[in-house]
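Enquirer: Supplied in structure tokens, the structure appears directly below.
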Amino acid sequence: MQVPDEHEEEPVREEFVQMSKEFEQLISLVTPMIKNHIEECGRPKTTPLTKWALPNDLLRELGPLTNEPSSIEECAKAIETTFKYSLKTMHPFFMDKLYAGSDPVGQIAEYVVAILNTNVHVYHVSPVFSVMEVECIRLFGDQFGFDPNTIDGTLNPGGSMSNMMALLAARHEHFPHVRQEGWRAEDRPVAFTALQSHYSINRCAMVCGMGMNQMIQIPSDRMTGAMDVEALDKAVQGEIEKGNTPFFVNSLAGSTVMGGFDDQEKISSICKKHGLWHHIDACWGGFLIFSDRCKRTIFKGCEKSDSIAFNPHKGLGTPVQTCILMTNNKDNALKKANTSGAEYLFHETEYSKYDIGDKTLSCGRRADSLALWLCTKRQGINGFKKLADAAYDKTMYITRLIKEQSDKFEMVNEPVGTNTCFWYTPPYFRKGAEGENKYTDQYKTNTHKLIFEKMKEEGKLLIQHNPLPEFNLPNFFRLTLKGEKSRMEDMPYLLDEIDRMGSNINSTILDNFKP
Ligand SMILES: Cc1ncc(COP(=O)(O)O)c(C=O)c1O
């Protein structure tokens with residue numbers, strides 16, 4: 001084997017020359033597609049959100065996967081098809097979900113992560129990503145008022161996983177034997193959550209073996225969406241009297257449907273009174289911590305909680321999935337709950353705190369920290385503030401517009417965060433029209449379903465709709481404003497579009513509509 005002289009420049013191996021060329025070729029083919037995608041989203045009134053196709057059509061268009069390799073051009077063609085048929089979540093009128101688009105710096109981060117292609121479990125294979133992860137958790141924990149010296153946490157693949165890790169840490173704190181032995185008959189664990197909380201918390205109860213029936217559902221207020229704190233206090237007391245062992249409360253900072261914010265101060269004092277772990281699911285509403293308009297009121301008491309789950313990708317325009325679980329004053333609780341003693345992987349070193357994998361349920365972990373860190377660097381806290389304030393201001397504006405058009409629209413409740421929940425009334429059912437007094441709950445439900453179908457067909461905008469069975473509320477639109485790129489002046493357009501799509505709806509059309 002010939003070893004190059006140390007003064008001679010080592011030639012790049014042929015396969016790496018090829019890889020570099022292939023990369024350049026792909027970039028040159030894909031860059032125009034990306035630019036086109038971004039620019040199309042920037043013409044939202046004439047660009048449809050999606051080109052709808054059924055699975056078989058997509059499979060045909062993509063072509064089969066075969067034994068033979070494909071050319072770069074063929075791969076680029078498949079990427080073009082991916083762009084063509086994928087939903088444009090960056091489009092300002094994609095309002096169907098709690099996330100939307102992402103920033104260029106976050107997109108490039110994803111690309112760099114794929115090139116560096118490593119796992120964020122131990123520091124020595126991911127030094128930069130590990131440091132970024134710890135730093136982001138510290139920074140976001142600080143925003144929520146956690147003690148800077150004790151903030152700990154992890155990035156997780158989803159808010160559901162963050163909620164689960166919080167429940168597992170609480171379980172370990174109260175029932176340390178479960179890790180090894182499983183539950184004992186005398187444990188009788190019970191936990192509490194708002195009836196309007198995200199379904200993931202019930203799944204967490206299922207996964208951690210206590211069972212969903214032991215996640216007790218506390219009712220919330222019809223108008224604010226906030227948990228009934230007195231009912232919580234009574235429920236905790238009641239369970240103790242039955243001989244059960246309460247150990248965990250999940251409260252909400254931004255419920256999925258109504259956008260309700262719980263009274264964290266009062267919930268925290270109930271938790272402290274009974275020694276319960278207080279977790280806050282701020283996955284959705286957490287981004288408003290950056291808004292000076294609401295920070296001081298709706299987040300009061302968050303700093304006293306034991307853990308917070310927060311998804312920057314929902315409100316702050318970072319890429320899916322950038323999700324944080326932060327703990328407060330919990331002395332390594334995540335590591336204690338999850339450590340596997342895998343000595344082949346984790347070694348005690350001066351930088352062990354950056355061996356993040358041992359605190360999680362995963363071995364291999366994606367380097368989501370780069371996207372989060374870079375988006376935070378690009379925006380700065382002030383950029384996040386602007387974004388959160390803008391979402392809040394647009395919510396207030398559209399709420400005013402809805403109230404001003406009370407013949408056409410009706411608010412379900414007064415928004416607390418940025419969920420605007422409202423019903424639409426088609427002309428046929430309005431005051432003085434033929435169908436006045438005929439707008440039953442069934443008709444209301446089907447009106448919103450029918451307009452949503454039209455939204456999907458036309459692709460001009462997408463706003464989600466849902467019922468709220470807890471209060472027997474028929475389907476309504478739920479606009480969830482966040483860091484998407486809609487403008488203030490788009491708000492009247494959204495309402496006008498709904499009115500246009502609903503203008504010909506009457507009882508006959510609804511009677512024949514099969515949702
Ligand atoms: C309040 C709340 N918590 C948790 C989640 C779950 O987050 P993920 O979808 O990242 O698992 C959601 C998702 O919408 C949510 O709204």
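Note on naming: chains are A, B, ... as they come in the structure tokens, residues start from 1 per chain, ligands start from 1 in the order shown.
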At a cut-off of 6 Å and counting only C-alpha atoms and all ligand atoms, what residues surround ligand 1? Please answer as a ChimeraX atom specification.
Expert: /A:158-160,198,255-256,281,283-284
Enquirer: Pull the closest atom pair for each residue of stretch 104-211 of chain A that gets at most 12 Å from stretch 350-356 of chain A, along with the distance in Å to one decimal, counting only C-alpha atoms, ordering rows by chain and then ascending residue number, as CSV.
Expert:
```
residue,atom,partner,partner_atom,distance
A:Asn119,CA,A:Ile356,CA,10.3
A:Val120,CA,A:Ile356,CA,6.9
A:His121,CA,A:Ile356,CA,5.3
A:Val122,CA,A:Asp355,CA,4.1
A:Tyr123,CA,A:Asp355,CA,5.1
A:His124,CA,A:Asp355,CA,8.3
A:Val125,CA,A:Asp355,CA,9.6
A:Ser126,CA,A:Asp355,CA,9.1
A:Pro127,CA,A:Tyr354,CA,8.0
A:Val128,CA,A:Tyr354,CA,10.0
A:Phe129,CA,A:Tyr354,CA,9.5
A:Ser130,CA,A:Tyr354,CA,5.7
A:Val131,CA,A:Tyr354,CA,6.7
A:Met132,CA,A:Tyr354,CA,9.8
A:Glu133,CA,A:Tyr354,CA,8.7
A:Val134,CA,A:Tyr354,CA,7.3
A:Glu135,CA,A:Tyr354,CA,10.4
A:Ile137,CA,A:Ile356,CA,11.9
A:Asp152,CA,A:Lys353,CA,9.7
A:Gly153,CA,A:Ile356,CA,8.9
A:Thr154,CA,A:Ile356,CA,7.2
A:Leu155,CA,A:Ile356,CA,9.3
A:Asn156,CA,A:Ile356,CA,11.0
```
Enquirer: Please dump the current selection as a PDB file, in the first residue's frame; keep N, CA, C and O atoms.
Expert:
```pdb
ATOM      1  N   ASN A 119     -25.796  10.362  15.197  1.00  0.00           N
ATOM      2  CA  ASN A 119     -26.777  10.150  16.255  1.00  0.00           C
ATOM      3  C   ASN A 119     -26.436  11.040  17.433  1.00  0.00           C
ATOM      4  O   ASN A 119     -25.274  11.140  17.802  1.00  0.00           O
ATOM      5  N   VAL A 120     -27.478  11.623  18.037  1.00  0.00           N
ATOM      6  CA  VAL A 120     -27.179  12.465  19.203  1.00  0.00           C
ATOM      7  C   VAL A 120     -27.446  11.652  20.467  1.00  0.00           C
ATOM      8  O   VAL A 120     -28.388  11.890  21.198  1.00  0.00           O
ATOM      9  N   HIS A 121     -26.627  10.611  20.665  1.00  0.00           N
ATOM     10  CA  HIS A 121     -26.759   9.903  21.943  1.00  0.00           C
ATOM     11  C   HIS A 121     -25.533  10.174  22.820  1.00  0.00           C
ATOM     12  O   HIS A 121     -25.665  10.459  23.984  1.00  0.00           O
ATOM     13  N   VAL A 122     -24.351  10.088  22.226  1.00  0.00           N
ATOM     14  CA  VAL A 122     -23.166  10.387  23.035  1.00  0.00           C
ATOM     15  C   VAL A 122     -22.384  11.546  22.410  1.00  0.00           C
ATOM     16  O   VAL A 122     -22.319  11.689  21.192  1.00  0.00           O
ATOM     17  N   TYR A 123     -21.809  12.337  23.299  1.00  0.00           N
ATOM     18  CA  TYR A 123     -21.139  13.574  22.894  1.00  0.00           C
ATOM     19  C   TYR A 123     -20.085  13.336  21.824  1.00  0.00           C
ATOM     20  O   TYR A 123     -19.983  14.100  20.875  1.00  0.00           O
ATOM     21  N   HIS A 124     -19.329  12.268  21.953  1.00  0.00           N
ATOM     22  CA  HIS A 124     -18.174  12.166  21.045  1.00  0.00           C
ATOM     23  C   HIS A 124     -18.569  11.913  19.590  1.00  0.00           C
ATOM     24  O   HIS A 124     -17.761  12.134  18.699  1.00  0.00           O
ATOM     25  N   VAL A 125     -19.813  11.486  19.330  1.00  0.00           N
ATOM     26  CA  VAL A 125     -20.220  11.381  17.918  1.00  0.00           C
ATOM     27  C   VAL A 125     -21.057  12.583  17.467  1.00  0.00           C
ATOM     28  O   VAL A 125     -21.393  12.698  16.287  1.00  0.00           O
ATOM     29  N   SER A 126     -21.414  13.460  18.391  1.00  0.00           N
ATOM     30  CA  SER A 126     -22.254  14.604  17.998  1.00  0.00           C
ATOM     31  C   SER A 126     -21.937  15.816  18.872  1.00  0.00           C
ATOM     32  O   SER A 126     -22.848  16.389  19.487  1.00  0.00           O
ATOM     33  N   PRO A 127     -20.669  16.214  18.941  1.00  0.00           N
ATOM     34  CA  PRO A 127     -20.328  17.276  19.903  1.00  0.00           C
ATOM     35  C   PRO A 127     -21.116  18.567  19.685  1.00  0.00           C
ATOM     36  O   PRO A 127     -21.661  19.120  20.643  1.00  0.00           O
ATOM     37  N   VAL A 128     -21.195  19.016  18.429  1.00  0.00           N
ATOM     38  CA  VAL A 128     -21.853  20.316  18.182  1.00  0.00           C
ATOM     39  C   VAL A 128     -23.359  20.202  18.441  1.00  0.00           C
ATOM     40  O   VAL A 128     -23.962  21.041  19.119  1.00  0.00           O
ATOM     41  N   PHE A 129     -23.963  19.131  17.928  1.00  0.00           N
ATOM     42  CA  PHE A 129     -25.413  18.967  18.100  1.00  0.00           C
ATOM     43  C   PHE A 129     -25.782  18.836  19.583  1.00  0.00           C
ATOM     44  O   PHE A 129     -26.818  19.332  20.022  1.00  0.00           O
ATOM     45  N   SER A 130     -24.935  18.132  20.351  1.00  0.00           N
ATOM     46  CA  SER A 130     -25.231  17.932  21.774  1.00  0.00           C
ATOM     47  C   SER A 130     -25.180  19.253  22.527  1.00  0.00           C
ATOM     48  O   SER A 130     -26.061  19.568  23.334  1.00  0.00           O
ATOM     49  N   VAL A 131     -24.150  20.046  22.226  1.00  0.00           N
ATOM     50  CA  VAL A 131     -24.020  21.344  22.898  1.00  0.00           C
ATOM     51  C   VAL A 131     -25.209  22.235  22.524  1.00  0.00           C
ATOM     52  O   VAL A 131     -25.786  22.927  23.369  1.00  0.00           O
ATOM     53  N   MET A 132     -25.595  22.182  21.248  1.00  0.00           N
ATOM     54  CA  MET A 132     -26.736  23.007  20.804  1.00  0.00           C
ATOM     55  C   MET A 132     -28.015  22.577  21.513  1.00  0.00           C
ATOM     56  O   MET A 132     -28.849  23.407  21.880  1.00  0.00           O
ATOM     57  N   GLU A 133     -28.179  21.273  21.694  1.00  0.00           N
ATOM     58  CA  GLU A 133     -29.406  20.774  22.350  1.00  0.00           C
ATOM     59  C   GLU A 133     -29.493  21.291  23.780  1.00  0.00           C
ATOM     60  O   GLU A 133     -30.515  21.837  24.204  1.00  0.00           O
ATOM     61  N   VAL A 134     -28.384  21.140  24.515  1.00  0.00           N
ATOM     62  CA  VAL A 134     -28.384  21.579  25.919  1.00  0.00           C
ATOM     63  C   VAL A 134     -28.629  23.093  25.992  1.00  0.00           C
ATOM     64  O   VAL A 134     -29.393  23.590  26.821  1.00  0.00           O
ATOM     65  N   GLU A 135     -28.022  23.802  25.063  1.00  0.00           N
ATOM     66  CA  GLU A 135     -28.140  25.270  25.063  1.00  0.00           C
ATOM     67  C   GLU A 135     -29.585  25.706  24.739  1.00  0.00           C
ATOM     68  O   GLU A 135     -30.122  26.614  25.381  1.00  0.00           O
ATOM     69  N   ILE A 137     -32.329  24.005  25.281  1.00  0.00           N
ATOM     70  CA  ILE A 137     -33.200  23.660  26.416  1.00  0.00           C
ATOM     71  C   ILE A 137     -33.035  24.699  27.532  1.00  0.00           C
ATOM     72  O   ILE A 137     -34.006  25.157  28.117  1.00  0.00           O
ATOM     73  N   ASP A 152     -33.146  21.082  32.935  1.00  0.00           N
ATOM     74  CA  ASP A 152     -32.647  19.893  32.252  1.00  0.00           C
ATOM     75  C   ASP A 152     -33.691  19.552  31.184  1.00  0.00           C
ATOM     76  O   ASP A 152     -34.780  20.143  31.166  1.00  0.00           O
ATOM     77  N   GLY A 153     -33.398  18.602  30.333  1.00  0.00           N
ATOM     78  CA  GLY A 153     -34.401  18.219  29.357  1.00  0.00           C
ATOM     79  C   GLY A 153     -33.797  17.555  28.146  1.00  0.00           C
ATOM     80  O   GLY A 153     -32.585  17.318  28.086  1.00  0.00           O
ATOM     81  N   THR A 154     -34.670  17.281  27.190  1.00  0.00           N
ATOM     82  CA  THR A 154     -34.226  16.647  25.945  1.00  0.00           C
ATOM     83  C   THR A 154     -35.093  17.142  24.799  1.00  0.00           C
ATOM     84  O   THR A 154     -36.222  17.590  25.024  1.00  0.00           O
ATOM     85  N   LEU A 155     -34.574  17.048  23.593  1.00  0.00           N
ATOM     86  CA  LEU A 155     -35.418  17.222  22.413  1.00  0.00           C
ATOM     87  C   LEU A 155     -35.977  15.843  22.095  1.00  0.00           C
ATOM     88  O   LEU A 155     -35.293  14.831  22.266  1.00  0.00           O
ATOM     89  N   ASN A 156     -37.215  15.834  21.647  1.00  0.00           N
ATOM     90  CA  ASN A 156     -37.885  14.545  21.416  1.00  0.00           C
ATOM     91  C   ASN A 156     -38.575  14.507  20.066  1.00  0.00           C
ATOM     92  O   ASN A 156     -38.963  15.550  19.554  1.00  0.00           O
TER      93      ASN A 156
END
```
Enquirer: Need to verify the contact set: stretch 141-143 of chain A, 7 Å, only C-alpha atoms, exclusion of same-chain residues closer than 5 positions in sequence. Can you return it as an MDAnalysis selection string?
Expert: chainID A and resid 148 151 326
Enquirer: Could you take the residues named above and write them with all heavy atoms, as a compact mmCIF listing (two decimals), in the first residue's frame?
Expert:
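Generated output (again-v4.txt):
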```txt
# COMPACT_ATOMS: atom_id res chain seq x y z
N PRO A 148 -32.44 28.71 36.15
CA PRO A 148 -31.40 28.47 35.13
C PRO A 148 -30.37 27.43 35.56
O PRO A 148 -29.78 26.75 34.72
CB PRO A 148 -30.75 29.83 34.92
CG PRO A 148 -31.46 30.80 35.77
CD PRO A 148 -32.53 30.11 36.57
N ILE A 151 -32.26 23.70 35.04
CA ILE A 151 -33.00 23.28 33.83
C ILE A 151 -32.33 22.06 33.22
O ILE A 151 -31.11 22.02 33.03
CB ILE A 151 -33.02 24.40 32.77
CG1 ILE A 151 -33.78 25.62 33.29
CG2 ILE A 151 -33.64 23.90 31.47
CD1 ILE A 151 -33.59 26.87 32.45
N MET A 326 -38.71 20.12 29.05
CA MET A 326 -37.81 20.78 30.01
C MET A 326 -38.24 20.40 31.41
O MET A 326 -39.44 20.36 31.69
CB MET A 326 -37.93 22.30 29.91
CG MET A 326 -37.78 22.83 28.53
SD MET A 326 -38.52 24.48 28.42
CE MET A 326 -39.79 24.23 27.21
```
Enquirer: Using only C-alpha atoms, which protein or nucleic acid residues come within 8 Å of A:Asp262? Drop anything in the same chain fewer than 2 positions from it, and give the result as a list in words.
Expert: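 Non-adjacent residues within range: Gly225, Ala226, Met227, Ser251, Leu252, Ala253, Gly260, Gln264, Ile267 and Ile298 of chain A.
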Enquirer: Would you kindly return, as a short mmCIF file (atom, residue, chain, number, x, y, z; two decimals) with N, CA and C atoms, in the first residue's frame, each protein, DNA or RNA residue with an atom no farther than 12 Å from any atom of stretch 448-458 of chain A, considering only C-alpha atoms and excluding same-chain residues fewer than 2 positions away?
Expert:
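around_38.cif, written as the output of this step:
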```cif
data_model
loop_
_atom_site.label_atom_id
_atom_site.label_comp_id
_atom_site.auth_asym_id
_atom_site.auth_seq_id
_atom_site.Cartn_x
_atom_site.Cartn_y
_atom_site.Cartn_z
N LYS A 45 -52.91 33.67 -3.56
CA LYS A 45 -54.29 33.75 -4.04
C LYS A 45 -54.47 33.02 -5.37
N THR A 46 -53.36 32.72 -6.04
CA THR A 46 -53.49 32.02 -7.32
C THR A 46 -52.82 30.64 -7.31
N THR A 47 -52.13 30.32 -6.23
CA THR A 47 -51.48 29.00 -6.15
C THR A 47 -52.30 28.06 -5.27
N PRO A 48 -52.77 26.94 -5.83
CA PRO A 48 -53.49 25.99 -4.96
C PRO A 48 -52.55 25.38 -3.93
N LEU A 49 -53.12 25.02 -2.81
CA LEU A 49 -52.34 24.42 -1.73
C LEU A 49 -51.83 23.04 -2.09
N THR A 50 -52.58 22.37 -2.95
CA THR A 50 -52.21 20.99 -3.27
C THR A 50 -52.78 20.57 -4.61
N LYS A 51 -52.13 19.57 -5.19
CA LYS A 51 -52.74 18.90 -6.34
C LYS A 51 -53.15 17.54 -5.79
N TRP A 52 -54.43 17.36 -5.61
CA TRP A 52 -54.94 16.18 -4.92
C TRP A 52 -54.83 14.95 -5.81
N ALA A 53 -54.35 13.84 -5.26
CA ALA A 53 -54.29 12.59 -6.03
C ALA A 53 -54.51 11.43 -5.08
N LEU A 87 -48.57 18.75 -0.11
CA LEU A 87 -49.27 19.93 0.38
C LEU A 87 -48.27 21.05 0.65
N PHE A 93 -52.10 30.30 3.39
CA PHE A 93 -53.48 29.91 3.73
C PHE A 93 -53.59 28.43 4.08
N PHE A 94 -52.44 27.80 4.40
CA PHE A 94 -52.49 26.46 4.99
C PHE A 94 -52.72 26.66 6.49
N MET A 95 -53.98 26.51 6.88
CA MET A 95 -54.33 26.78 8.28
C MET A 95 -55.03 25.59 8.87
N ASP A 96 -54.71 24.43 8.32
CA ASP A 96 -55.41 23.21 8.69
C ASP A 96 -54.83 22.59 9.95
N PHE A 409 -71.43 35.06 10.86
CA PHE A 409 -70.51 34.29 11.72
C PHE A 409 -70.90 34.42 13.18
N PHE A 422 -65.20 29.52 15.44
CA PHE A 422 -66.41 30.24 15.01
C PHE A 422 -67.27 29.38 14.08
N TRP A 423 -68.57 29.68 14.11
CA TRP A 423 -69.49 29.04 13.19
C TRP A 423 -69.77 29.97 12.02
N TYR A 424 -70.09 29.35 10.90
CA TYR A 424 -70.52 30.12 9.72
C TYR A 424 -72.00 29.83 9.48
N THR A 425 -72.75 30.84 9.06
CA THR A 425 -74.17 30.64 8.68
C THR A 425 -74.34 31.00 7.21
N PRO A 426 -74.74 30.06 6.37
CA PRO A 426 -74.97 30.38 4.95
C PRO A 426 -76.17 31.33 4.79
N ASP A 441 -78.27 21.79 14.72
CA ASP A 441 -76.88 21.38 14.95
C ASP A 441 -76.38 20.46 13.83
N GLN A 442 -77.28 19.60 13.33
CA GLN A 442 -76.87 18.69 12.26
C GLN A 442 -76.53 19.47 10.99
N TYR A 443 -77.37 20.46 10.69
CA TYR A 443 -77.08 21.30 9.51
C TYR A 443 -75.79 22.08 9.70
N LYS A 444 -75.59 22.57 10.93
CA LYS A 444 -74.35 23.31 11.21
C LYS A 444 -73.14 22.42 10.96
N THR A 445 -73.21 21.22 11.53
CA THR A 445 -72.09 20.28 11.38
C THR A 445 -71.81 20.03 9.91
N ASN A 446 -72.87 19.73 9.17
CA ASN A 446 -72.66 19.38 7.76
C ASN A 446 -72.24 20.58 6.92
N LYS A 460 -57.67 26.49 -2.23
CA LYS A 460 -57.28 27.90 -2.05
C LYS A 460 -56.91 28.20 -0.60
N LEU A 461 -57.57 27.53 0.33
CA LEU A 461 -57.22 27.66 1.74
C LEU A 461 -57.73 26.42 2.47
N LEU A 462 -57.14 26.16 3.61
CA LEU A 462 -57.59 25.03 4.43
C LEU A 462 -57.68 25.51 5.88
N ILE A 463 -58.89 25.43 6.43
CA ILE A 463 -59.07 25.76 7.85
C ILE A 463 -59.75 24.55 8.49
N GLN A 464 -59.19 24.10 9.58
CA GLN A 464 -59.74 22.89 10.18
C GLN A 464 -61.09 23.14 10.85
N HIS A 465 -61.85 22.06 11.02
CA HIS A 465 -63.14 22.16 11.71
C HIS A 465 -63.28 20.96 12.63
N ASN A 466 -64.05 21.12 13.69
CA ASN A 466 -64.28 19.99 14.60
C ASN A 466 -65.48 20.30 15.49
N PRO A 467 -66.08 19.23 16.05
CA PRO A 467 -67.12 19.45 17.06
C PRO A 467 -66.45 19.55 18.42
N PRO A 474 -71.83 21.58 17.92
CA PRO A 474 -71.67 21.05 16.56
C PRO A 474 -70.40 21.63 15.93
N ASN A 475 -70.00 21.05 14.79
CA ASN A 475 -68.72 21.44 14.16
C ASN A 475 -68.62 22.95 13.95
N PHE A 476 -67.41 23.44 14.18
CA PHE A 476 -67.11 24.86 13.93
C PHE A 476 -65.72 24.95 13.33
N PHE A 477 -65.45 26.12 12.71
CA PHE A 477 -64.09 26.33 12.19
C PHE A 477 -63.18 26.71 13.34
N ARG A 478 -61.94 26.25 13.22
CA ARG A 478 -60.94 26.53 14.26
C ARG A 478 -59.69 27.04 13.55
N LEU A 494 -60.00 35.52 4.26
CA LEU A 494 -60.34 34.19 4.76
C LEU A 494 -61.86 34.09 4.99
N GLU A 497 -63.81 34.19 1.71
CA GLU A 497 -63.73 32.90 1.00
C GLU A 497 -64.70 31.88 1.59
N ILE A 498 -64.78 31.84 2.92
CA ILE A 498 -65.72 30.91 3.55
C ILE A 498 -67.14 31.26 3.09
N ASP A 499 -67.43 32.55 3.08
CA ASP A 499 -68.78 32.99 2.69
C ASP A 499 -69.06 32.65 1.22
N ARG A 500 -68.05 32.81 0.39
CA ARG A 500 -68.22 32.45 -1.03
C ARG A 500 -68.52 30.95 -1.17
N MET A 501 -67.73 30.14 -0.45
CA MET A 501 -67.90 28.69 -0.60
C MET A 501 -69.23 28.20 -0.01
N GLY A 502 -69.74 28.98 0.95
CA GLY A 502 -70.98 28.54 1.60
C GLY A 502 -72.22 29.21 1.05
N SER A 503 -72.03 30.07 0.02
CA SER A 503 -73.16 30.94 -0.37
C SER A 503 -74.37 30.18 -0.90
N ASN A 504 -74.16 29.01 -1.52
CA ASN A 504 -75.34 28.33 -2.10
C ASN A 504 -75.85 27.18 -1.21
N ILE A 505 -75.32 27.05 -0.01
CA ILE A 505 -75.73 25.92 0.84
C ILE A 505 -77.15 26.15 1.36
N ASN A 506 -78.01 25.15 1.21
CA ASN A 506 -79.36 25.24 1.78
C ASN A 506 -79.75 23.87 2.32
N ILE A 509 -79.43 20.87 -0.19
CA ILE A 509 -78.03 20.45 -0.42
C ILE A 509 -77.52 19.67 0.79
N LEU A 510 -77.84 20.15 1.96
CA LEU A 510 -77.34 19.47 3.18
C LEU A 510 -78.00 18.12 3.37
N ASP A 511 -79.30 18.03 3.02
CA ASP A 511 -80.00 16.74 3.15
C ASP A 511 -79.36 15.69 2.24
N ASN A 512 -78.83 16.15 1.11
CA ASN A 512 -78.25 15.20 0.15
C ASN A 512 -76.75 15.00 0.34
N PHE A 513 -76.18 15.70 1.30
CA PHE A 513 -74.72 15.63 1.50
C PHE A 513 -74.37 14.41 2.34
N LYS A 514 -73.48 13.59 1.79
CA LYS A 514 -73.04 12.40 2.54
C LYS A 514 -71.60 12.66 3.01
N PRO A 515 -71.43 13.04 4.29
CA PRO A 515 -70.05 13.36 4.73
C PRO A 515 -69.15 12.13 4.73
#
```
Enquirer: Name the residues of stretch 277-422 of chain A that fall into strand (DSSP E or B) according to DSSP on the backbone, using the chain letters and numbers of this document, as an NGL selection string.
Expert: :A and (277-281 or 307-310 or 323-327 or 409-411 or 419-422)
Enquirer: Report the residues of stretch 358-479 of chain A whose backbone DSSP state falls under helix (DSSP H, G or I), written as a VMD selection string.
Expert: chain A and resid 358 to 359 369 to 404 427 to 429 441 to 458 469 to 471
Enquirer: Neighbours of A:Met165 within 9 Å (only C-alpha atoms; same-chain residues fewer than 3 positions away dropped), as a list in words?
Expert: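 Answer for this query is Ser160, Met161, Ser162, Leu168, Ala169, Ala170, Cys204, Leu325, Leu334, Ala337, Asn338, Thr360 and Leu361 of chain A.
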Enquirer: With distances taken over only C-alpha atoms, which of A:Gly286, A:Gly63, A:Pro246, A:Gly364 is nearest to A:His274?
Expert: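 Under the stated criterion, the closest residue is A:Pro246.
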Enquirer: With only C-alpha atoms as the counted atoms, please give the residues lying no more than 9 Å from A:Thr81, apart from itself and same-chain residues fewer than 6 positions off, as number ranges by chain.
Expert: A: 58, 61-62
Enquirer: Store the residues picked out above, limited to N, CA and C atoms, as a PDB file, in the first residue's frame.
Expert:
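That gives us out.pdb:
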```pdb
ATOM      1  N   LEU A  58     -50.610   8.187  -7.362  1.00  0.00           N
ATOM      2  CA  LEU A  58     -49.257   8.585  -6.937  1.00  0.00           C
ATOM      3  C   LEU A  58     -48.265   7.460  -7.195  1.00  0.00           C
ATOM      4  N   GLU A  61     -47.476   7.414 -10.811  1.00  0.00           N
ATOM      5  CA  GLU A  61     -46.632   8.555 -11.191  1.00  0.00           C
ATOM      6  C   GLU A  61     -45.184   8.384 -10.702  1.00  0.00           C
ATOM      7  N   LEU A  62     -45.035   7.814  -9.501  1.00  0.00           N
ATOM      8  CA  LEU A  62     -43.676   7.641  -8.949  1.00  0.00           C
ATOM      9  C   LEU A  62     -42.926   6.496  -9.619  1.00  0.00           C
TER      10      LEU A  62
END
```
Enquirer: With distances taken over only C-alpha atoms, which of A:Glu230, A:Asp221, A:Glu8, A:Glu173 is nearest to A:Met258?
Expert: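 Among A:Glu230, A:Asp221, A:Glu8, A:Glu173, it is A:Asp221 that comes nearest to A:Met258.
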Enquirer: Considering only C-alpha atoms, state which residue in the set A:Pro55, A:Gly275, A:Pro32, A:Gly259 is at the smallest distance from A:Tyr85.
Expert: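 Ranked by minimum distance to A:Tyr85, first place goes to A:Pro55.
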Enquirer: Between atom CA of A:Asn382 and atom CA of A:Asp292, measure the distance and give it in Å to one decimal.
Expert: 10.6 Å
Enquirer: Name the closest residue to A:Lys482 among the candidates A:Gly106, A:Pro176, A:Pro312, A:Gly182; distances are taken between atoms, counting only C-alpha atoms.
Expert: A:Pro312
